[in-house]
>>> print(open('my_file-v3.txt').read())   # compact mmCIF, C-alpha atoms and all ligand atoms
# COMPACT_ATOMS: atom_id res chain seq x y z
CA MET Q 1 -29.32 68.56 -24.86
CA LYS Q 2 -26.15 66.98 -23.58
CA ASP Q 3 -23.60 69.29 -22.01
CA GLN Q 4 -19.87 69.22 -22.70
CA ALA Q 5 -19.02 66.96 -19.76
CA ASP Q 6 -21.65 64.38 -20.75
CA ARG Q 7 -20.39 64.39 -24.34
CA ILE Q 8 -16.77 63.88 -23.27
CA GLN Q 9 -17.66 61.10 -20.87
CA ALA Q 10 -19.74 59.31 -23.51
CA LEU Q 11 -16.87 59.49 -26.02
CA ASP Q 12 -14.48 58.15 -23.39
CA ALA Q 13 -16.81 55.25 -22.67
CA ALA Q 14 -17.07 54.45 -26.38
CA HIS Q 15 -13.51 54.93 -27.62
CA VAL Q 16 -10.89 55.21 -24.88
CA LEU Q 17 -9.35 51.90 -23.89
CA GLN Q 18 -10.92 51.24 -20.53
CA THR Q 19 -7.81 50.92 -18.36
CA TYR Q 20 -8.86 53.70 -15.95
CA ARG Q 21 -11.77 53.89 -13.53
CA ARG Q 22 -12.31 57.66 -13.66
CA GLN Q 23 -14.25 59.88 -11.28
CA PRO Q 24 -17.29 61.39 -13.04
CA VAL Q 25 -15.85 64.87 -13.41
CA THR Q 26 -14.37 66.75 -16.39
CA PHE Q 27 -11.78 69.40 -15.61
CA VAL Q 28 -11.31 72.21 -18.11
CA ARG Q 29 -8.85 74.54 -16.38
CA GLY Q 30 -6.80 75.10 -13.25
CA GLU Q 31 -5.16 77.83 -11.23
CA GLY Q 32 -2.73 77.21 -8.39
CA ALA Q 33 -4.18 74.52 -6.13
CA TRP Q 34 -7.60 74.74 -7.78
CA LEU Q 35 -9.20 72.83 -10.67
CA TYR Q 36 -12.42 73.88 -12.36
CA ASP Q 37 -14.91 71.52 -13.98
CA ALA Q 38 -16.96 72.00 -17.12
CA HIS Q 39 -19.70 73.68 -15.04
CA GLY Q 40 -17.27 76.18 -13.49
CA ARG Q 41 -17.21 74.50 -10.09
CA GLY Q 42 -13.90 74.76 -8.21
CA TYR Q 43 -12.16 71.81 -6.54
CA LEU Q 44 -9.26 72.12 -4.11
CA ASP Q 45 -6.59 69.84 -5.55
CA LEU Q 46 -4.67 68.00 -2.82
CA LEU Q 47 -3.37 65.45 -5.33
CA SER Q 48 -1.90 67.64 -8.11
CA GLY Q 49 -2.36 64.97 -10.76
CA ILE Q 50 -0.52 62.40 -8.58
CA GLY Q 51 2.29 64.72 -7.58
CA VAL Q 52 2.88 66.08 -11.09
CA ALA Q 53 1.48 69.63 -11.11
CA SER Q 54 4.20 70.48 -8.62
CA LEU Q 55 4.06 74.27 -9.17
CA GLY Q 56 0.27 74.25 -9.13
CA HIS Q 57 -1.91 74.63 -12.20
CA ALA Q 58 -1.24 77.31 -14.81
CA HIS Q 59 1.91 78.53 -13.05
CA PRO Q 60 2.66 81.86 -14.79
CA ARG Q 61 6.42 81.36 -15.21
CA LEU Q 62 6.11 77.75 -16.38
CA ALA Q 63 3.26 78.68 -18.74
CA ALA Q 64 5.28 81.53 -20.26
CA ALA Q 65 8.40 79.39 -20.72
CA VAL Q 66 6.44 76.54 -22.33
CA ALA Q 67 4.55 78.94 -24.60
CA GLU Q 68 7.75 80.66 -25.69
CA GLN Q 69 9.49 77.34 -26.29
CA ALA Q 70 6.50 75.97 -28.23
CA ALA Q 71 6.71 79.01 -30.49
CA THR Q 72 10.48 78.55 -30.91
CA LEU Q 73 11.45 74.86 -31.06
CA VAL Q 74 9.64 71.82 -29.67
CA HIS Q 75 11.59 68.87 -31.04
CA THR Q 76 14.83 68.06 -32.82
CA SER Q 77 15.49 64.39 -31.84
CA ASN Q 78 18.60 63.26 -30.01
CA LEU Q 79 20.60 63.28 -33.26
CA TYR Q 80 21.47 66.94 -32.56
CA HIS Q 81 22.20 69.34 -29.71
CA HIS Q 82 19.69 71.93 -28.50
CA PRO Q 83 20.05 74.57 -25.77
CA TRP Q 84 18.12 72.93 -22.92
CA GLN Q 85 19.00 69.24 -22.39
CA ALA Q 86 22.65 69.63 -21.32
CA PRO Q 87 21.87 72.44 -18.82
CA LEU Q 88 19.11 70.25 -17.35
CA ALA Q 89 21.53 67.32 -16.98
CA ALA Q 90 24.10 69.64 -15.39
CA ARG Q 91 21.54 71.00 -12.93
CA LEU Q 92 20.40 67.49 -11.95
CA ALA Q 93 24.04 66.45 -11.46
CA GLU Q 94 24.75 69.48 -9.28
CA LEU Q 95 21.69 68.76 -7.09
CA SER Q 96 22.10 64.98 -6.81
CA GLY Q 97 25.85 64.41 -6.91
CA LEU Q 98 25.20 61.83 -9.64
CA ALA Q 99 27.40 62.70 -12.59
CA ARG Q 100 25.19 62.09 -15.63
CA ALA Q 101 21.54 62.05 -16.67
CA PHE Q 102 19.55 60.22 -19.31
CA ILE Q 103 16.42 62.29 -20.00
CA CYS Q 104 13.25 60.35 -20.84
CA ASN Q 105 9.48 60.89 -20.75
CA SER Q 106 8.06 59.19 -17.67
CA GLY Q 107 8.75 57.50 -14.37
CA THR Q 108 8.54 53.99 -15.72
CA GLU Q 109 11.00 54.89 -18.47
CA ALA Q 110 13.39 56.29 -15.86
CA ASN Q 111 13.22 53.02 -13.92
CA GLU Q 112 13.51 50.99 -17.10
CA ALA Q 113 16.69 52.92 -17.96
CA CYS Q 114 18.09 52.45 -14.42
CA LEU Q 115 17.50 48.69 -14.59
CA LYS Q 116 19.18 48.48 -17.99
CA PHE Q 117 22.13 50.63 -16.90
CA ALA Q 118 22.61 48.47 -13.77
CA ARG Q 119 22.68 45.34 -15.94
CA ARG Q 120 24.99 47.05 -18.40
CA TYR Q 121 27.41 48.00 -15.62
CA TRP Q 122 27.95 44.35 -14.66
CA HIS Q 123 28.17 43.22 -18.29
CA ALA Q 124 30.86 45.84 -18.88
CA GLY Q 125 32.82 44.48 -15.93
CA GLY Q 126 32.79 41.03 -17.55
CA GLU Q 127 30.81 39.41 -14.73
CA PRO Q 128 27.09 39.81 -15.50
CA ARG Q 129 24.89 39.68 -12.41
CA PRO Q 130 21.46 38.16 -13.15
CA ARG Q 131 19.44 39.10 -10.06
CA LEU Q 132 17.53 42.11 -8.69
CA VAL Q 133 16.20 42.75 -5.19
CA ALA Q 134 12.91 44.62 -4.86
CA LEU Q 135 10.60 45.40 -1.96
CA GLU Q 136 7.15 44.20 -1.03
CA HIS Q 137 4.57 46.96 -1.73
CA ALA Q 138 6.92 48.51 -4.32
CA PHE Q 139 5.62 50.35 -7.37
CA HIS Q 140 8.04 51.21 -10.16
CA GLY Q 141 5.82 51.50 -13.26
CA ARG Q 142 3.86 49.59 -15.89
CA THR Q 143 6.40 48.70 -18.59
CA LEU Q 144 7.63 45.11 -18.42
CA GLY Q 145 10.96 45.81 -16.70
CA ALA Q 146 9.56 48.21 -14.11
CA LEU Q 147 6.55 45.92 -13.67
CA SER Q 148 8.90 43.03 -12.89
CA VAL Q 149 10.05 44.87 -9.74
CA THR Q 150 6.51 46.06 -8.86
CA TRP Q 151 4.86 44.11 -6.04
CA ASP Q 152 1.09 44.14 -6.70
CA GLU Q 153 -0.01 40.79 -8.16
CA HIS Q 154 -2.99 42.43 -9.88
CA TYR Q 155 -0.60 44.48 -12.00
CA ARG Q 156 1.81 41.59 -12.65
CA THR Q 157 0.00 38.30 -13.07
CA PRO Q 158 -1.97 39.09 -16.27
CA PHE Q 159 1.30 39.93 -18.05
CA ALA Q 160 3.52 37.02 -17.04
CA PRO Q 161 6.19 36.01 -17.73
CA LEU Q 162 8.11 39.04 -16.51
CA VAL Q 163 11.86 39.69 -16.16
CA PRO Q 164 13.23 36.76 -14.13
CA GLY Q 165 15.58 36.86 -11.17
CA VAL Q 166 13.75 39.21 -8.79
CA SER Q 167 13.97 38.51 -5.02
CA TRP Q 168 11.31 40.15 -2.82
CA VAL Q 169 12.07 41.51 0.63
CA SER Q 170 9.75 43.00 3.23
CA PRO Q 171 10.76 46.58 4.08
CA ASP Q 172 10.11 45.61 7.72
CA ASP Q 173 12.81 42.92 7.62
CA PRO Q 174 16.39 44.24 7.40
CA ALA Q 175 17.78 40.74 8.11
CA ALA Q 176 15.92 39.31 5.11
CA LEU Q 177 17.51 41.98 2.93
CA GLN Q 178 20.96 40.89 4.06
CA THR Q 179 20.14 37.31 3.03
CA ALA Q 180 18.57 38.29 -0.29
CA VAL Q 181 21.43 40.48 -1.52
CA THR Q 182 24.35 38.42 -2.82
CA ARG Q 183 27.17 38.73 -5.34
CA GLU Q 184 24.59 37.68 -7.94
CA THR Q 185 22.58 40.86 -7.25
CA ALA Q 186 22.98 43.51 -9.93
CA ALA Q 187 20.95 46.08 -7.99
CA ILE Q 188 18.54 46.78 -5.16
CA ILE Q 189 15.67 49.00 -6.28
CA LEU Q 190 13.57 50.87 -3.72
CA GLU Q 191 11.37 53.92 -3.14
CA PRO Q 192 12.63 55.88 -0.09
CA ILE Q 193 8.92 56.42 0.67
CA GLN Q 194 6.72 53.87 -1.07
CA GLY Q 195 3.96 55.82 -2.79
CA GLU Q 196 1.40 53.59 -4.51
CA GLY Q 197 2.06 50.94 -1.84
CA GLY Q 198 0.37 53.17 0.75
CA VAL Q 199 2.80 56.01 1.58
CA ARG Q 200 5.18 53.82 3.56
CA PRO Q 201 8.54 55.32 4.52
CA ILE Q 202 11.60 53.07 4.59
CA SER Q 203 12.90 52.84 8.17
CA ALA Q 204 16.37 53.95 9.26
CA ALA Q 205 17.13 50.34 10.21
CA PHE Q 206 16.22 49.12 6.74
CA ALA Q 207 18.26 51.89 5.11
CA ALA Q 208 21.25 50.83 7.22
CA ALA Q 209 20.80 47.25 6.01
CA VAL Q 210 20.72 48.51 2.41
CA ARG Q 211 24.01 50.36 2.93
CA ASP Q 212 25.60 47.25 4.48
CA ALA Q 213 24.34 44.92 1.77
CA CYS Q 214 25.60 47.18 -1.02
CA GLU Q 215 29.00 47.56 0.63
CA ARG Q 216 29.32 43.84 1.31
CA THR Q 217 28.35 42.62 -2.18
CA GLY Q 218 28.97 45.58 -4.49
CA ALA Q 219 25.30 45.51 -5.54
CA LEU Q 220 24.17 48.85 -7.00
CA LEU Q 221 21.41 50.89 -5.38
CA ILE Q 222 18.63 52.32 -7.54
CA ALA Q 223 16.56 54.94 -5.69
CA ASP Q 224 13.14 55.42 -7.28
CA GLU Q 225 12.47 59.04 -6.33
CA VAL Q 226 9.75 59.45 -8.96
CA GLN Q 227 7.11 60.26 -6.33
CA CYS Q 228 8.97 61.17 -3.13
CA GLY Q 229 11.82 63.13 -4.75
CA LEU Q 230 12.20 66.63 -6.19
CA GLY Q 231 11.11 68.58 -3.15
CA ARG Q 232 8.00 66.60 -2.27
CA THR Q 233 9.30 65.99 1.28
CA GLY Q 234 11.13 69.31 1.69
CA VAL Q 235 14.49 68.10 0.37
CA CYS Q 236 15.66 67.59 -3.22
CA PHE Q 237 15.93 63.81 -2.86
CA HIS Q 238 14.41 61.86 0.01
CA SER Q 239 17.15 59.20 -0.02
CA THR Q 240 19.51 61.77 1.52
CA THR Q 241 17.38 61.87 4.70
CA LEU Q 242 18.03 58.12 5.05
CA GLU Q 243 21.75 58.57 4.38
CA LEU Q 244 21.42 56.44 1.27
CA LYS Q 245 23.88 57.06 -1.55
CA PRO Q 246 22.22 55.66 -4.66
CA ASP Q 247 24.29 54.74 -7.71
CA LEU Q 248 21.26 55.36 -9.91
CA MET Q 249 18.15 57.45 -9.39
CA ALA Q 250 14.82 57.54 -11.23
CA LEU Q 251 12.93 60.84 -11.46
CA GLY Q 252 9.61 61.79 -13.03
CA LYS Q 253 6.26 63.15 -11.88
CA ALA Q 254 7.08 66.64 -10.45
CA LEU Q 255 10.04 67.25 -12.76
CA GLY Q 256 8.17 68.93 -15.62
CA GLY Q 257 5.41 70.53 -13.54
CA GLY Q 258 2.95 68.67 -15.79
CA VAL Q 259 4.98 68.47 -18.99
CA PRO Q 260 5.96 64.79 -19.36
CA VAL Q 261 9.65 64.31 -18.54
CA GLY Q 262 11.66 61.82 -16.53
CA ALA Q 263 15.32 61.23 -15.84
CA ALA Q 264 17.65 58.39 -14.94
CA LEU Q 265 20.64 59.76 -13.02
CA VAL Q 266 23.79 57.63 -12.79
CA SER Q 267 27.09 57.82 -10.93
CA ALA Q 268 30.33 58.39 -12.82
CA GLU Q 269 31.23 54.70 -12.29
CA VAL Q 270 27.98 53.47 -13.85
CA ALA Q 271 28.21 56.10 -16.59
CA ALA Q 272 31.65 54.78 -17.55
CA ALA Q 273 30.04 51.45 -18.48
CA ILE Q 274 27.54 53.00 -20.93
CA ALA Q 275 28.54 53.31 -24.58
CA HIS Q 276 27.01 55.08 -27.58
CA GLY Q 277 23.93 53.20 -28.74
CA ASP Q 278 23.30 51.38 -25.46
CA HIS Q 279 19.99 53.17 -24.86
CA GLY Q 280 17.89 55.81 -26.55
CA THR Q 281 14.56 57.58 -27.01
CA THR Q 282 13.16 59.59 -29.91
CA TYR Q 283 11.68 62.52 -28.05
CA GLY Q 284 13.05 62.08 -24.54
CA GLY Q 285 14.76 65.28 -23.46
CA ASN Q 286 13.26 67.49 -26.14
CA PRO Q 287 13.52 71.29 -25.83
CA LEU Q 288 9.98 71.76 -24.50
CA ALA Q 289 10.27 69.15 -21.73
CA CYS Q 290 13.78 70.20 -20.68
CA ARG Q 291 12.84 73.87 -20.55
CA ALA Q 292 9.87 73.03 -18.31
CA ALA Q 293 12.07 70.91 -16.04
CA LEU Q 294 14.62 73.73 -15.73
CA VAL Q 295 11.88 76.17 -14.71
CA PHE Q 296 10.66 73.69 -12.10
CA LEU Q 297 14.16 73.18 -10.64
CA GLU Q 298 14.79 76.94 -10.56
CA GLU Q 299 11.55 77.52 -8.66
CA LEU Q 300 12.30 74.63 -6.30
CA VAL Q 301 15.89 75.48 -5.43
CA ASP Q 302 16.44 79.16 -6.25
CA GLY Q 303 12.84 80.29 -5.73
CA GLY Q 304 12.66 79.14 -2.11
CA LEU Q 305 10.07 76.42 -2.70
CA LEU Q 306 11.93 73.84 -0.60
CA ASP Q 307 11.56 76.02 2.50
CA ARG Q 308 7.88 76.52 1.77
CA VAL Q 309 7.36 72.76 1.47
CA ARG Q 310 8.99 72.20 4.85
CA SER Q 311 6.68 74.61 6.66
CA ALA Q 312 3.58 73.60 4.66
CA GLY Q 313 4.42 69.95 5.33
CA ALA Q 314 4.66 70.53 9.08
CA HIS Q 315 1.35 72.41 8.98
CA LEU Q 316 -0.32 69.56 7.08
CA GLU Q 317 1.07 66.97 9.48
CA GLU Q 318 -0.28 68.83 12.54
CA GLY Q 319 -3.70 69.11 10.94
CA LEU Q 320 -3.78 65.44 9.98
CA ASN Q 321 -2.76 64.42 13.49
CA ARG Q 322 -5.71 66.45 14.83
CA LEU Q 323 -7.98 64.57 12.41
CA ALA Q 324 -6.53 61.24 13.57
CA ALA Q 325 -7.41 62.16 17.16
CA ARG Q 326 -11.01 62.85 16.10
CA PHE Q 327 -11.72 59.89 13.84
CA GLY Q 328 -11.49 56.33 15.11
CA SER Q 329 -11.32 55.04 11.55
CA ILE Q 330 -7.86 56.60 11.12
CA LEU Q 331 -5.12 54.15 12.11
CA GLU Q 332 -2.04 56.17 11.24
CA ILE Q 333 -0.70 59.27 9.46
CA ARG Q 334 2.37 58.41 7.37
CA GLY Q 335 4.85 60.16 5.12
CA ALA Q 336 6.85 63.38 5.13
CA GLY Q 337 6.54 66.95 3.89
CA LEU Q 338 3.72 67.22 1.36
CA MET Q 339 3.54 63.45 0.77
CA ARG Q 340 1.07 62.08 3.30
CA GLY Q 341 -1.02 58.96 3.70
CA VAL Q 342 -4.02 58.67 6.00
CA ALA Q 343 -4.24 54.94 6.74
CA LEU Q 344 -7.79 53.84 7.56
CA ASP Q 345 -9.10 50.67 9.14
CA ARG Q 346 -11.28 50.14 6.03
CA ASP Q 347 -11.68 50.88 2.33
CA ALA Q 348 -10.92 54.53 1.60
CA ALA Q 349 -13.06 54.76 -1.56
CA PRO Q 350 -16.16 56.24 0.18
CA VAL Q 351 -14.02 59.07 1.59
CA VAL Q 352 -12.57 59.90 -1.82
CA GLU Q 353 -16.10 60.06 -3.24
CA ALA Q 354 -17.44 62.15 -0.35
CA ALA Q 355 -14.46 64.49 -0.74
CA LEU Q 356 -15.14 64.94 -4.46
CA GLU Q 357 -18.75 65.85 -3.66
CA ARG Q 358 -17.38 68.51 -1.28
CA GLY Q 359 -14.98 69.97 -3.84
CA LEU Q 360 -11.83 68.23 -2.60
CA LEU Q 361 -9.49 66.03 -4.63
CA VAL Q 362 -7.57 63.25 -2.85
CA ASN Q 363 -7.09 59.66 -3.89
CA ARG Q 364 -7.04 56.16 -2.51
CA THR Q 365 -3.98 53.98 -2.67
CA ALA Q 366 -3.33 50.46 -1.36
CA GLY Q 367 -7.10 50.12 -0.75
CA SER Q 368 -7.34 51.77 2.66
CA VAL Q 369 -5.02 54.77 2.44
CA ILE Q 370 -6.10 58.32 1.54
CA ARG Q 371 -3.16 59.91 -0.25
CA LEU Q 372 -2.36 63.63 -0.26
CA LEU Q 373 0.16 65.05 -2.75
CA PRO Q 374 -0.79 68.74 -2.98
CA PRO Q 375 1.06 71.16 -5.23
CA LEU Q 376 4.34 72.19 -3.59
CA THR Q 377 3.11 75.79 -3.82
CA ILE Q 378 0.01 75.23 -1.67
CA ALA Q 379 -0.81 77.94 0.91
CA ALA Q 380 -1.44 77.28 4.62
CA GLU Q 381 -5.06 78.52 4.31
CA GLU Q 382 -5.65 76.08 1.46
CA ILE Q 383 -4.31 73.25 3.62
CA ASP Q 384 -6.73 74.31 6.38
CA LEU Q 385 -9.65 74.35 3.97
CA GLY Q 386 -8.60 70.94 2.63
CA LEU Q 387 -8.47 69.49 6.13
CA GLU Q 388 -11.93 70.91 6.88
CA ARG Q 389 -13.34 69.29 3.76
CA LEU Q 390 -11.54 66.03 4.48
CA ALA Q 391 -13.05 65.95 7.98
CA ALA Q 392 -16.50 66.53 6.48
CA ALA Q 393 -15.87 63.74 3.96
CA LEU Q 394 -14.76 61.31 6.69
CA ALA Q 395 -17.84 62.16 8.76
CA ALA Q 396 -20.13 61.74 5.75
CA ALA Q 397 -18.57 58.44 4.69
CA PHE Q 398 -18.28 56.75 8.06
CA GLY Q 399 -20.70 58.55 10.32
CA LYS Q 400 -20.02 60.90 13.16
CA GLU Q 401 -16.51 61.63 14.42
CA THR Q 402 -15.56 59.31 17.24
CA ALA Q 403 -13.09 59.12 20.06
CA HIS Q 404 -10.02 57.25 18.87
CA GLY Q 405 -10.50 53.51 18.81
CA VAL Q 406 -14.21 53.79 19.54
CA GLY Q 407 -17.00 53.31 17.07
CA ALA Q 408 -14.83 52.18 14.18
CA ASP Q 409 -17.52 49.60 13.48
CA ALA Q 410 -20.43 52.04 13.67
CA HIS Q 411 -22.06 53.71 10.67
CA HIS Q 412 -20.22 51.51 8.18
CA SER Q 413 -21.51 53.05 4.99
CA HIS Q 414 -21.87 51.18 1.72
C1 LIG S 1 4.32 57.04 -10.61
C2 LIG S 1 5.52 56.24 -10.28
C3 LIG S 1 6.23 55.54 -11.26
C4 LIG S 1 5.78 55.47 -12.69
O1 LIG S 1 5.75 56.71 -13.31
P1 LIG S 1 4.96 56.90 -14.70
O2 LIG S 1 5.30 58.29 -15.11
O3 LIG S 1 3.52 56.68 -14.41
O4 LIG S 1 5.50 55.88 -15.64
C5 LIG S 1 7.37 54.89 -10.88
N1 LIG S 1 7.81 54.89 -9.61
C6 LIG S 1 7.15 55.54 -8.64
C7 LIG S 1 7.69 55.54 -7.26
C8 LIG S 1 5.98 56.22 -8.93
O5 LIG S 1 5.30 56.84 -7.97
>>> encode(input="my_file-v3.txt", output="structure tokens", more="lines below")
Ligand SMILES: *Cc1c(COP(=O)(O)O)cnc(C)c1O
Amino acid sequence: MKDQADRIQALDAAHVLQTYRRQPVTFVRGEGAWLYDAHGRGYLDLLSGIGVASLGHAHPRLAAAVAEQAATLVHTSNLYHHPWQAPLAARLAELSGLARAFICNSGTEANEACLKFARRYWHAGGEPRPRLVALEHAFHGRTLGALSVTWDEHYRTPFAPLVPGVSWVSPDDPAALQTAVTRETAAIILEPIQGEGGVRPISAAFAAAVRDACERTGALLIADEVQCGLGRTGVCFHSTTLELKPDLMALGKALGGGVPVGAALVSAEVAAAIAHGDHGTTYGGNPLACRAALVFLEELVDGGLLDRVRSAGAHLEEGLNRLAARFGSILEIRGAGLMRGVALDRDAAPVVEAALERGLLVNRTAGSVIRLLPPLTIAAEEIDLGLERLAAALAAAFGKETAHGVGADAHHSH
């Protein structure tokens, strides 16, 4: 007789549109940094659903708030007021310094809104600016607008033509940015730490070039903080660590602790260009999503989570650096706080598989990078256990640990 997991996976194979290559595991519940499969086996979750389950799984306060809200009022549409959207917008404004928020349902929608608002700003001024500047290795989402400023050809080419007028700049080339940004540029869009592109932080030199280019041309800056923002690196918004002052900011992932919600934050100047009817969403910012986001922000800022992320992030970094000294296949540890990439000299897929077999969840991004985005609530002992399992997975996938730079070619496992 087939068990539950087999049944679910067979139904998926038959009826779910096959856009995802899933790992062969079916999770039925979670608690903190742990997920449990249909057979009751526990997995240490160092990915938190790609940085979404920010308070860990089944967080008691979030669960209680969502349950209470579900039993009270889930949806009204944006035709009316409800008690939770305006307080969420106010809280986001207080934390970011950006005056107003448009609440939506996902990261790509937040970027889509930012791109539209940037265009709208220049239209309102009577001098529309047709061009956008985006970065190589950027990821901003899968809808057509966000896809148009996303770098990976595999995501883009099958859906051409996309939004025209995008100039691409290498994040390693501040001079090229200066050339690319002109008075035709409506906005520069960038991730302060590129996530899907391989956990690549923007350098201080590049950030300085961004500031110069914006000042020189008036181009707006859109910071995509969907992955690196909201406490992930130990601060509310990672752009502040680069002394960037975005005019617009996209948020998502961690914001609802698992309940889908995103936000496009805009400066007072940009907000002044937006009129009734310019943009909208049917269920964006509904009571359930906004309540969840408020609980998350309270835990993050008032509950002391930011401090915990800073110390947990330092602990994780030390442990990863020790791993890098042991394994020749590790080229570099990148990122900040609890957003870390382990860049390998080869495909990372065998490590992800070996980790899964050992009860550890991580993922591969940009082909050769192991990405870690644990829940912001993770404990030091859980980080230690995760590092132990990751070391075992590296050893299993690539052979014995090696002195750095030696034996990277040995035991290549396929
Ligand atoms: C995940 C992500 C997005 C897209 O978010 P979705 O909720 O999947 O639409 C956009 N930008 C960045 C930086 C992301 O990491």
>>> residues_around(input="my_file-v3.txt", residues="segment 23-26 of chain Q", least_positions_apart="6", cutoff="7 Å", atoms="all atoms listed in the file", output="PDB file with C-alpha atoms, keeping the file's coordinate frame")
ATOM      1  CA  ALA Q   5     -19.020  66.960 -19.760  1.00  0.00           C
ATOM      2  CA  ASP Q  37     -14.910  71.520 -13.980  1.00  0.00           C
ATOM      3  CA  ALA Q  38     -16.960  72.000 -17.120  1.00  0.00           C
TER       4      ALA Q  38
END
>>> residues_near_ligand(input="my_file-v3.txt", ligand="ligand LIG 1 (chain S)", cutoff="8 Å", atoms="all atoms listed in the file", output="list of chain:residue names")
Q:Ile50, Q:Asn105, Q:Ser106, Q:Gly107, Q:Thr108, Q:Glu109, Q:Ala110, Q:Asn111, Q:Ala138, Q:Phe139, Q:His140, Q:Gly141, Q:Arg142, Q:Thr143, Q:Ala146, Q:Glu191, Q:Gln194, Q:Gly195, Q:Glu196, Q:Asp224, Q:Glu225, Q:Val226, Q:Gln227, Q:Cys228, Q:Ala250, Q:Gly252, Q:Lys253, Q:Pro260, Q:Gly262
>>> residues_around(input="my_file-v3.txt", residues="Gly341 of chain Q", least_positions_apart="2", cutoff="10 Å", atoms="all atoms listed in the file", output="list in words")
Gly195, Gly198, Val199, Arg200, Leu320, Glu332, Ile333, Arg334, Gly335, Ala336, Leu338, Met339, Ala343, Leu344, Asn363, Arg364, Thr365, Ser368, Val369, Ile370, Arg371, Leu372 and Leu373 of chain Q
>>> write_last_selection(input="my_file-v3.txt", atoms="C-alpha atoms", output="short mmCIF file (atom, residue, chain, number, x, y, z; two decimals), keeping the file's coordinate frame")
data_model
loop_
_atom_site.label_atom_id
_atom_site.label_comp_id
_atom_site.auth_asym_id
_atom_site.auth_seq_id
_atom_site.Cartn_x
_atom_site.Cartn_y
_atom_site.Cartn_z
CA GLY Q 195 3.96 55.82 -2.79
CA GLY Q 198 0.37 53.17 0.75
CA VAL Q 199 2.80 56.01 1.58
CA ARG Q 200 5.18 53.82 3.56
CA LEU Q 320 -3.78 65.44 9.98
CA GLU Q 332 -2.04 56.17 11.24
CA ILE Q 333 -0.70 59.27 9.46
CA ARG Q 334 2.37 58.41 7.37
CA GLY Q 335 4.85 60.16 5.12
CA ALA Q 336 6.85 63.38 5.13
CA LEU Q 338 3.72 67.22 1.36
CA MET Q 339 3.54 63.45 0.77
CA ALA Q 343 -4.24 54.94 6.74
CA LEU Q 344 -7.79 53.84 7.56
CA ASN Q 363 -7.09 59.66 -3.89
CA ARG Q 364 -7.04 56.16 -2.51
CA THR Q 365 -3.98 53.98 -2.67
CA SER Q 368 -7.34 51.77 2.66
CA VAL Q 369 -5.02 54.77 2.44
CA ILE Q 370 -6.10 58.32 1.54
CA ARG Q 371 -3.16 59.91 -0.25
CA LEU Q 372 -2.36 63.63 -0.26
CA LEU Q 373 0.16 65.05 -2.75
#
>>> closest_residue(input="my_file-v3.txt", among="Q:Ala289, Q:Leu147, Q:Ala86, Q:Ala204", to="Asp172 of chain Q", atoms="all atoms listed in the file")
Q:Ala204
>>> closest_residue(input="my_file-v3.txt", among="Q:Ala223, Q:Ala186, Q:Ala271, Q:Ala397", to="Ala118 of chain Q", atoms="all atoms listed in the file")
Q:Ala186
>>> closest_residue(input="my_file-v3.txt", among="Q:Ala393, Q:Val362, Q:Ala113, Q:Leu288", to="Ser77 of chain Q", atoms="only C-alpha atoms")
Q:Leu288
>>> atom_distance(input="my_file-v3.txt", atom1="atom CA of Phe117 of chain Q", atom2="atom CA of Trp84 of chain Q")
23.4 Å
>>> atom_distance(input="my_file-v3.txt", atom1="atom CA of Val259 of chain Q", atom2="atom CA of Ile103 of chain Q")
13.0 Å
>>> closest_residue(input="my_file-v3.txt", among="Q:Gly42, Q:Ala273, Q:Ala101, Q:Gly328", to="Arg358 of chain Q", atoms="all atoms listed in the file")
Q:Gly42
>>> atom_distance(input="my_file-v3.txt", atom1="atom CA of Leu132 of chain Q", atom2="atom CA of Ala213 of chain Q")
12.8 Å
>>> closest_residue(input="my_file-v3.txt", among="Q:Leu323, Q:Leu385, Q:Asp6, Q:Thr179", to="Gly359 of chain Q", atoms="all atoms listed in the file")
Q:Leu385
>>> closest_residue(input="my_file-v3.txt", among="Q:Thr76, Q:Pro174, Q:Glu94, Q:Ser48", to="Ala208 of chain Q", atoms="all atoms listed in the file")
Q:Pro174
>>> residues_around(input="my_file-v3.txt", residues="Arg91 of chain Q", least_positions_apart="2", cutoff="12 Å", atoms="all atoms listed in the file", output="list in words")
Trp84, Gln85, Ala86, Pro87, Leu88, Ala89, Ala93, Glu94, Leu95, Ser96, Gly97, Leu98, Ala99, Arg100, Ala101, Cys236, Ala263, Leu265, Cys290, Arg291, Ala293, Leu294, Val295, Phe296, Leu297, Glu298, Leu300, Val301 and Asp302 of chain Q
>>> residues_around(input="my_file-v3.txt", residues="Leu387 of chain Q", least_positions_apart="4", cutoff="7 Å", atoms="only C-alpha atoms", output="ChimeraX atom specification")
/Q:319,383,391
>>> axis_aligned_box(input="my_file-v3.txt", around="segment 212-218 of chain Q", padding_each_side="5 Å", output="JSON")
{"center_x": 26.8, "center_y": 45.1, "center_z": 0.0, "size_x": 15.0, "size_y": 14.9, "size_z": 19.0}
>>> residues_around(input="my_file-v3.txt", residues="Glu184 of chain Q", least_positions_apart="6", cutoff="7 Å", atoms="all atoms listed in the file", output="PyMOL selection string")
chain Q and resi 129-131
